[in-house]
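File shown here: entry17.cif, holding mmCIF, C-alpha atoms.
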data_start
loop_
_atom_site.label_atom_id
_atom_site.label_comp_id
_atom_site.auth_asym_id
_atom_site.auth_seq_id
_atom_site.Cartn_x
_atom_site.Cartn_y
_atom_site.Cartn_z
CA MET A 1 5.79 -6.80 -0.52
CA MET A 2 8.08 -7.91 2.18
CA LEU A 3 7.73 -9.51 5.57
CA ARG A 4 10.23 -8.29 8.11
CA SER A 5 10.44 -11.84 9.46
CA VAL A 6 11.39 -13.10 6.02
CA HIS A 7 14.26 -10.61 5.86
CA LEU A 8 15.67 -12.01 9.08
CA SER A 9 15.09 -15.70 8.50
CA LEU A 10 16.62 -15.64 5.05
CA GLY A 11 19.55 -13.55 6.18
CA PHE A 12 19.24 -11.39 3.07
CA GLY A 13 22.00 -9.04 4.10
CA VAL A 14 21.39 -6.22 1.69
CA SER A 15 22.34 -2.86 3.12
CA PRO A 16 21.94 -0.28 0.35
CA LEU A 17 23.77 2.98 0.89
CA LEU A 18 20.85 5.33 0.61
CA ARG A 19 21.49 8.99 0.83
CA CYS A 20 18.97 11.51 2.11
CA LEU A 21 16.76 12.57 -0.76
CA PRO A 22 16.02 16.23 -1.47
CA ARG A 23 12.67 17.64 -0.57
CA PHE A 24 10.06 16.95 -3.21
CA SER A 25 8.63 20.20 -4.48
CA GLY A 26 6.14 21.36 -7.03
CA LEU A 27 3.86 18.37 -6.49
CA ALA A 28 0.17 18.83 -7.00
CA SER A 29 -2.07 17.76 -4.17
CA CYS A 30 -4.74 15.26 -5.05
CA SER A 31 -6.59 12.37 -3.58
CA TRP A 32 -8.87 9.45 -4.08
CA SER A 33 -10.91 7.55 -1.56
CA GLY A 34 -13.27 4.29 -2.09
CA ILE A 35 -1.88 -4.97 2.73
CA SER A 36 0.57 -10.51 6.07
CA ALA A 37 3.32 -12.07 4.41
CA SER A 38 2.56 -8.92 2.61
CA PRO A 39 0.45 -5.82 2.76
CA GLU A 40 -3.26 -6.39 2.21
CA GLY A 41 -2.96 -9.87 3.66
CA LEU A 42 -4.34 -9.42 7.19
CA PRO A 43 -7.41 -7.53 8.48
CA LEU A 44 -5.62 -5.15 10.81
CA GLY A 45 -7.97 -2.20 10.47
CA VAL A 46 -10.61 -0.77 12.74
CA PRO A 47 -14.28 -0.21 11.90
CA CYS A 48 -14.65 2.97 9.94
CA SER A 49 -17.51 4.98 8.50
CA ARG A 50 -16.99 7.87 6.13
CA GLN A 51 -19.35 10.64 5.10
CA HIS A 52 -19.24 11.29 1.38
CA GLY A 53 -21.35 14.44 1.26
CA VAL A 54 -18.47 16.64 0.15
CA PHE A 55 -16.62 14.10 -1.98
CA ARG A 56 -17.54 12.51 -5.25
CA ALA A 57 -17.75 8.74 -5.02
CA PHE A 58 -16.24 6.62 -7.77
CA ARG A 59 -16.24 2.91 -8.40
CA MET A 60 -13.10 1.70 -10.08
CA SER A 61 -13.35 -1.34 -12.32
CA SER A 62 -10.43 -3.76 -12.46
CA GLY A 63 -11.05 -4.68 -16.07
CA GLY A 64 -7.89 -3.33 -17.68
CA PRO A 65 -5.79 -0.33 -18.49
CA GLY A 66 -8.43 1.24 -20.70
CA THR A 67 -11.17 1.12 -18.09
CA SER A 68 -12.49 4.42 -16.73
CA PRO A 69 -14.20 4.87 -13.35
CA ASP A 70 -17.98 5.28 -13.36
CA VAL A 71 -19.46 8.08 -11.33
CA ASP A 72 -21.56 6.84 -8.45
CA ALA A 73 -25.00 8.47 -8.49
CA ALA A 74 -25.43 8.36 -4.74
CA LEU A 75 -23.11 11.26 -4.00
CA GLY A 76 -24.33 11.94 -0.49
CA SER A 77 -24.57 8.38 0.79
CA ALA A 78 -22.34 6.98 3.49
CA VAL A 79 -20.64 3.62 3.02
CA ALA A 80 -21.28 1.24 5.89
CA LEU A 81 -18.28 -1.05 6.25
CA PRO A 82 -18.49 -4.34 8.12
CA ALA A 83 -16.79 -4.33 11.49
CA ILE A 84 -13.28 -5.75 11.63
CA GLN A 85 -12.24 -7.79 14.64
CA MET A 86 -9.02 -6.35 16.00
CA PRO A 87 -6.34 -8.92 16.87
CA LYS A 88 -6.49 -9.38 20.62
CA ILE A 89 -3.43 -8.63 22.74
CA CYS A 90 -3.74 -11.12 25.59
CA PHE A 91 -0.55 -10.33 27.47
CA CYS A 92 1.29 -7.11 28.24
CA HIS A 93 4.32 -6.49 26.05
CA SER A 94 6.07 -4.76 28.95
CA CYS A 95 5.58 -7.06 31.94
CA GLY A 96 3.92 -10.19 30.52
CA ASN A 97 0.80 -10.03 32.68
CA PRO A 98 -2.74 -10.44 31.27
CA THR A 99 -4.61 -7.57 29.68
CA LYS A 100 -8.24 -6.60 29.76
CA GLN A 101 -10.29 -4.67 27.24
CA VAL A 102 -11.63 -1.37 28.55
CA ILE A 103 -12.12 2.23 27.43
CA PRO A 104 -9.42 4.36 29.11
CA ASP A 105 -10.29 7.68 30.70
CA GLY A 106 -10.46 10.38 28.09
CA ASP A 107 -10.64 7.84 25.25
CA LYS A 108 -13.60 6.63 23.20
CA ASN A 109 -12.22 3.34 21.89
CA MET A 110 -11.72 -0.06 23.50
CA ARG A 111 -8.06 -0.74 24.31
CA GLN A 112 -6.13 -3.66 25.74
CA ILE A 113 -4.78 -2.54 29.13
CA CYS A 114 -2.43 -4.49 31.41
CA VAL A 115 -4.16 -5.49 34.67
CA VAL A 116 -0.87 -5.06 36.61
CA CYS A 117 1.21 -2.20 35.20
CA GLY A 118 -1.66 -0.38 33.49
CA LYS A 119 0.11 -0.04 30.11
CA ILE A 120 -2.29 0.75 27.28
CA HIS A 121 -1.57 -1.25 24.13
CA TYR A 122 -2.54 0.81 21.10
CA GLN A 123 -2.90 -0.85 17.72
CA ASN A 124 -1.99 1.46 14.87
CA PRO A 125 -2.02 1.17 11.08
CA LYS A 126 1.06 -0.10 9.22
CA MET A 127 2.96 1.98 6.68
CA VAL A 128 3.77 0.33 3.35
CA VAL A 129 6.23 1.85 0.87
CA GLY A 130 7.20 0.90 -2.66
CA CYS A 131 8.44 2.01 -6.05
CA LEU A 132 6.82 2.37 -9.42
CA VAL A 133 10.02 1.90 -11.44
CA GLU A 134 10.06 3.45 -14.91
CA HIS A 135 12.48 2.33 -17.64
CA ASN A 136 12.15 2.91 -21.40
CA ASP A 137 8.40 3.61 -21.13
CA LYS A 138 7.89 0.40 -19.17
CA VAL A 139 7.30 -0.38 -15.49
CA LEU A 140 8.99 -3.02 -13.35
CA LEU A 141 6.79 -5.72 -11.78
CA CYS A 142 7.67 -8.68 -9.54
CA LYS A 143 5.85 -12.02 -9.47
CA ARG A 144 5.32 -13.01 -5.84
CA LYS A 145 6.98 -16.15 -4.48
CA ILE A 146 5.18 -16.03 -1.11
CA GLU A 147 1.63 -15.88 0.17
CA PRO A 148 -0.67 -14.09 0.03
CA SER A 149 -1.13 -13.87 -3.74
CA CYS A 150 1.77 -16.15 -4.59
CA GLY A 151 2.24 -16.24 -8.37
CA LEU A 152 0.65 -12.83 -8.97
CA TRP A 153 2.37 -9.63 -10.07
CA THR A 154 3.00 -6.58 -7.90
CA LEU A 155 5.11 -3.48 -7.60
CA PRO A 156 8.14 -3.92 -5.31
CA ALA A 157 6.92 -2.69 -1.93
CA GLY A 158 6.71 -3.65 1.72
CA PHE A 159 6.53 -2.49 5.32
CA LEU A 160 8.56 0.54 6.34
CA GLU A 161 11.27 -0.15 8.91
CA ILE A 162 11.94 1.98 11.98
CA GLY A 163 14.87 4.30 11.34
CA GLU A 164 14.37 4.82 7.62
CA SER A 165 12.48 7.40 5.62
CA ALA A 166 9.64 6.37 3.32
CA ALA A 167 11.82 6.95 0.25
CA GLU A 168 14.68 4.92 1.73
CA GLY A 169 12.31 2.08 2.59
CA ALA A 170 10.85 2.06 -0.92
CA ALA A 171 14.33 1.88 -2.48
CA ARG A 172 15.34 -0.89 -0.03
CA GLU A 173 12.26 -2.96 -0.86
CA THR A 174 12.99 -2.61 -4.57
CA LEU A 175 16.57 -3.78 -4.04
CA GLU A 176 15.41 -6.74 -1.95
CA GLU A 177 12.58 -7.86 -4.22
CA ALA A 178 14.01 -7.05 -7.64
CA CYS A 179 17.77 -6.71 -6.93
CA ALA A 180 17.46 -3.33 -8.60
CA GLU A 181 19.16 -0.13 -7.50
CA VAL A 182 16.87 2.82 -8.12
CA GLU A 183 16.82 6.57 -7.85
CA VAL A 184 13.62 7.78 -6.22
CA LEU A 185 12.17 10.65 -8.26
CA SER A 186 9.02 11.80 -6.48
CA PRO A 187 6.04 10.48 -4.53
CA PHE A 188 3.28 9.32 -6.87
CA ALA A 189 0.45 8.11 -4.65
CA GLN A 190 -0.70 7.64 -1.09
CA LEU A 191 -3.41 5.02 -0.64
CA ASP A 192 -5.16 4.35 2.66
CA ILE A 193 -6.96 1.04 3.29
CA PRO A 194 -8.74 1.59 6.64
CA ARG A 195 -10.37 -1.85 6.89
CA ILE A 196 -7.02 -3.60 7.04
CA GLY A 197 -5.10 -0.84 8.82
CA GLN A 198 -2.56 -0.05 6.12
CA SER A 199 -1.38 3.09 4.35
CA TYR A 200 0.74 3.01 1.19
CA ILE A 201 3.20 5.52 -0.22
CA ILE A 202 4.30 4.68 -3.76
CA PHE A 203 7.20 6.60 -5.32
CA ARG A 204 8.12 7.03 -8.95
CA ALA A 205 11.68 5.80 -9.47
CA ARG A 206 14.12 4.94 -12.22
CA LEU A 207 16.77 2.26 -12.57
CA LYS A 208 20.33 3.41 -11.88
CA THR A 209 21.52 0.57 -14.12
CA PRO A 210 19.42 -1.67 -16.41
CA HIS A 211 19.97 -4.68 -14.18
CA PHE A 212 17.38 -6.51 -12.09
CA SER A 213 16.63 -10.10 -11.04
CA PRO A 214 14.27 -11.90 -8.64
CA GLY A 215 14.98 -11.51 -4.95
CA PRO A 216 14.14 -14.17 -2.31
CA GLU A 217 10.41 -13.32 -2.35
CA SER A 218 10.02 -13.04 -6.13
CA LEU A 219 9.62 -15.76 -8.75
CA GLU A 220 10.55 -13.42 -11.56
CA CYS A 221 10.82 -9.74 -12.44
CA ALA A 222 9.98 -8.11 -15.74
CA LEU A 223 9.46 -4.77 -17.45
CA PHE A 224 5.97 -4.28 -18.90
CA ALA A 225 4.78 -1.79 -21.48
CA LEU A 226 1.72 0.02 -20.15
CA ASP A 227 -0.63 -1.74 -22.58
CA ASP A 228 0.80 -5.14 -21.56
CA ILE A 229 0.41 -4.86 -17.77
CA PRO A 230 -1.30 -8.11 -16.62
CA PHE A 231 -4.26 -6.56 -14.78
CA ASP A 232 -5.95 -9.95 -14.46
CA SER A 233 -2.91 -11.23 -12.54
CA LEU A 234 -2.14 -8.35 -10.16
CA ALA A 235 -1.82 -9.19 -6.49
CA PHE A 236 -3.47 -6.32 -4.58
CA SER A 237 -6.09 -3.62 -4.92
CA SER A 238 -3.49 -0.98 -4.08
CA ILE A 239 -1.39 -2.07 -7.06
CA ILE A 240 -4.37 -2.08 -9.42
CA VAL A 241 -5.34 1.45 -8.36
CA THR A 242 -1.77 2.78 -8.56
CA LEU A 243 -1.12 1.39 -12.04
CA LYS A 244 -4.45 2.59 -13.42
CA MET A 245 -3.80 6.10 -12.14
CA TYR A 246 -0.28 5.99 -13.62
CA ILE A 247 -1.57 4.85 -17.02
CA GLU A 248 -4.22 7.59 -17.06
CA ASP A 249 -1.65 10.23 -16.12
CA THR A 250 0.89 9.00 -18.67
CA LYS A 251 -1.61 8.93 -21.51
CA SER A 252 -2.83 12.43 -20.62
CA GLY A 253 0.75 13.70 -20.40
CA ASN A 254 0.17 15.02 -16.88
CA LEU A 255 1.74 13.03 -14.04
CA LYS A 256 0.18 14.03 -10.71
CA PHE A 257 0.41 13.10 -7.07
CA HIS A 258 -2.64 11.11 -5.93
CA TYR A 259 -4.21 10.48 -2.56
CA CYS A 260 -7.07 8.01 -2.23
CA THR A 261 -8.83 5.70 0.19
CA ILE A 262 -9.57 2.14 -0.90
CA ASN A 263 -12.73 0.77 0.67
CA LYS A 264 -12.97 -3.00 0.72
CA ARG A 265 -16.48 -4.08 -0.24
CA PRO A 266 -18.66 -5.88 2.31
CA GLY A 267 -18.06 -9.61 2.09
CA ALA A 268 -14.79 -9.27 0.18
CA SER A 269 -11.68 -10.91 1.57
CA PRO A 270 -9.10 -8.37 2.78
CA SER A 271 -6.60 -9.80 0.27
CA ASP A 272 -9.11 -9.84 -2.63
CA PRO A 273 -7.49 -7.55 -5.24
CA ARG A 274 -10.82 -6.70 -6.87
CA GLY A 275 -13.33 -6.43 -4.02
CA PHE A 276 -12.97 -2.69 -3.52
CA ASP A 277 -14.26 0.79 -4.29
CA VAL A 278 -12.25 3.98 -4.65
CA ASP A 279 -13.55 7.43 -3.68
CA GLN A 280 -11.86 10.42 -5.23
CA ARG A 281 -11.32 13.42 -2.91
CA LEU A 282 -8.70 15.79 -4.25
CA HIS A 283 -6.86 15.88 -7.52
CA SER A 284 -4.81 18.31 -9.53
#
Produce structure tokens that represent the structure in this file.
Amino acid sequence: MMLRSVHLSLGFGVSPLLRCLPRFSGLASCSWSGISASPEGLPLGVPCSRQHGVFRAFRMSSGGPGTSPDVDAALGSAVALPAIQMPKICFCHSCGNPTKQVIPDGDKNMRQICVVCGKIHYQNPKMVVGCLVEHNDKVLLCKRKIEPSCGLWTLPAGFLEIGESAAEGAARETLEEACAEVEVLSPFAQLDIPRIGQSYIIFRARLKTPHFSPGPESLECALFALDDIPFDSLAFSSIIVTLKMYIEDTKSGNLKFHYCTINKRPGASPSDPRGFDVDQRLHS
């Protein structure tokens, strides 16, 4: 998980030559529902309530690769999430004058509006992209060198940059964090985390060459067999969910594309990798 500011301050001048990837086809549609020096580190989301009348609710345990979700009996109940305080924009990004919080005409949400030029400052979710790198029936993980979750393992991933596609950003993050050149194969999962205003796209990928090493934000990188993945030492809920879905798919012999929403539990820290529920919506 990368911070754009870290890229600049360290001068990590990697500029991978990424070609445009072909359209991904033949992918089944599915979804679940229930990221900052890194994703899941700051509460950037807006308050959100979600009706579950038409979706089955699941609670995912973070116990280990053999753990299966338990069906939630309260199928029709709504999950009330605690309100998240949006970061306040005190000054206009365009002219530098103060802002005030009002509901613009035709809107229903509070926005920060410049008192001089009238510019409305919208706060939108961040897109996070990464790779689930496969090699000889193992997956590549990086041990984080930065906060949050320093010393814990994660998939190579980070914030998407303007001007690059999601697949290009995922390959770039893998090169930066694991010094590994990869070929992106297909999207594997999209995971939304409304409470912290982040959306993940994780791609399946494979190593172009069997070479990798820690980048500036990683303490070490290693390939793990599926039964050896250190679930007790994973950095983020999004990584736990992704790897559990991948293990289930691999063991069933049916790799699918997943969509899910991760709901942080009331009282849980936004960066708590285990304080979450996952609601399944669509799956193939």
Using the chain letters and numbers from this file, what does the PyMOL selection byres ((chain A and resi 133-145) around 10) select? Give the answer as a ChimeraX atom specification.
/A:1-2,38,130-132,146-157,171,174,177-178,180,182-185,202-210,212-230,233-235,243,250
With the PyMOL selection byres ((chain A and resi 255) around 10) as the selection, what would be picked from this file? Answer as a PyMOL selection string, please.
chain A and resi 27-28+188+245-254+256-258+284
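Counting from atom CA of Glu181 of chain A, the distance to atom CA of Glu168 of chain A is 11.4 Å.
Within 8 Å of the point (-9.6, -1.4, 25.4), counting all atoms listed in the file, the protein and nucleic acid residues come to Lys100, Gln101, Val102, Ile103, Pro104, Asn109, Met110, Arg111, Gln112, Ile113 and Ile120 of chain A.
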Target residues per the PyMOL selection byres ((chain A and resi 192) around 8), formatted as a ChimeraX atom specification
/A:33,190-191,193-194,198-200,260-262
Kindly export the residues of the current selection with C-alpha atoms, as a PDB file, in the coordinates of the input.
ATOM      1  CA  SER A  33     -10.910   7.550  -1.560  1.00  0.00           C
ATOM      2  CA  GLN A 190      -0.700   7.640  -1.090  1.00  0.00           C
ATOM      3  CA  LEU A 191      -3.410   5.020  -0.640  1.00  0.00           C
ATOM      4  CA  ILE A 193      -6.960   1.040   3.290  1.00  0.00           C
ATOM      5  CA  PRO A 194      -8.740   1.590   6.640  1.00  0.00           C
ATOM      6  CA  GLN A 198      -2.560  -0.050   6.120  1.00  0.00           C
ATOM      7  CA  SER A 199      -1.380   3.090   4.350  1.00  0.00           C
ATOM      8  CA  TYR A 200       0.740   3.010   1.190  1.00  0.00           C
ATOM      9  CA  CYS A 260      -7.070   8.010  -2.230  1.00  0.00           C
ATOM     10  CA  THR A 261      -8.830   5.700   0.190  1.00  0.00           C
ATOM     11  CA  ILE A 262      -9.570   2.140  -0.900  1.00  0.00           C
TER      12      ILE A 262
END
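If only C-alpha atoms are the atoms counted, then among A:Lys88, A:Val128, A:Asn97, A:Phe236 the closest residue to Ala167 of chain A is A:Val128.
Put simply, atom CA of Gly163 of chain A is 27.7 Å away from atom CA of Ser237 of chain A.
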Enumerate, as a ChimeraX atom specification, the protein, DNA and RNA residues whose atoms approach (-2.8, -11.0, 30.7) to within 12 Å, taking into account all atoms listed in the file and the coordinate frame of the file.
/A:88-101,112-119,121
Write the residues of the preceding selection, restricted to C-alpha atoms, as a PDB file, in the coordinates of the input.
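File written: part.pdb
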ATOM      1  CA  LYS A  88      -6.490  -9.380  20.620  1.00  0.00           C
ATOM      2  CA  ILE A  89      -3.430  -8.630  22.740  1.00  0.00           C
ATOM      3  CA  CYS A  90      -3.740 -11.120  25.590  1.00  0.00           C
ATOM      4  CA  PHE A  91      -0.550 -10.330  27.470  1.00  0.00           C
ATOM      5  CA  CYS A  92       1.290  -7.110  28.240  1.00  0.00           C
ATOM      6  CA  HIS A  93       4.320  -6.490  26.050  1.00  0.00           C
ATOM      7  CA  SER A  94       6.070  -4.760  28.950  1.00  0.00           C
ATOM      8  CA  CYS A  95       5.580  -7.060  31.940  1.00  0.00           C
ATOM      9  CA  GLY A  96       3.920 -10.190  30.520  1.00  0.00           C
ATOM     10  CA  ASN A  97       0.800 -10.030  32.680  1.00  0.00           C
ATOM     11  CA  PRO A  98      -2.740 -10.440  31.270  1.00  0.00           C
ATOM     12  CA  THR A  99      -4.610  -7.570  29.680  1.00  0.00           C
ATOM     13  CA  LYS A 100      -8.240  -6.600  29.760  1.00  0.00           C
ATOM     14  CA  GLN A 101     -10.290  -4.670  27.240  1.00  0.00           C
ATOM     15  CA  GLN A 112      -6.130  -3.660  25.740  1.00  0.00           C
ATOM     16  CA  ILE A 113      -4.780  -2.540  29.130  1.00  0.00           C
ATOM     17  CA  CYS A 114      -2.430  -4.490  31.410  1.00  0.00           C
ATOM     18  CA  VAL A 115      -4.160  -5.490  34.670  1.00  0.00           C
ATOM     19  CA  VAL A 116      -0.870  -5.060  36.610  1.00  0.00           C
ATOM     20  CA  CYS A 117       1.210  -2.200  35.200  1.00  0.00           C
ATOM     21  CA  GLY A 118      -1.660  -0.380  33.490  1.00  0.00           C
ATOM     22  CA  LYS A 119       0.110  -0.040  30.110  1.00  0.00           C
ATOM     23  CA  HIS A 121      -1.570  -1.250  24.130  1.00  0.00           C
TER      24      HIS A 121
END
Figure out the distance between atom CA of Gly197 of chain A and atom CA of Phe159 of chain A, please, to one decimal in Å.
12.3 Å
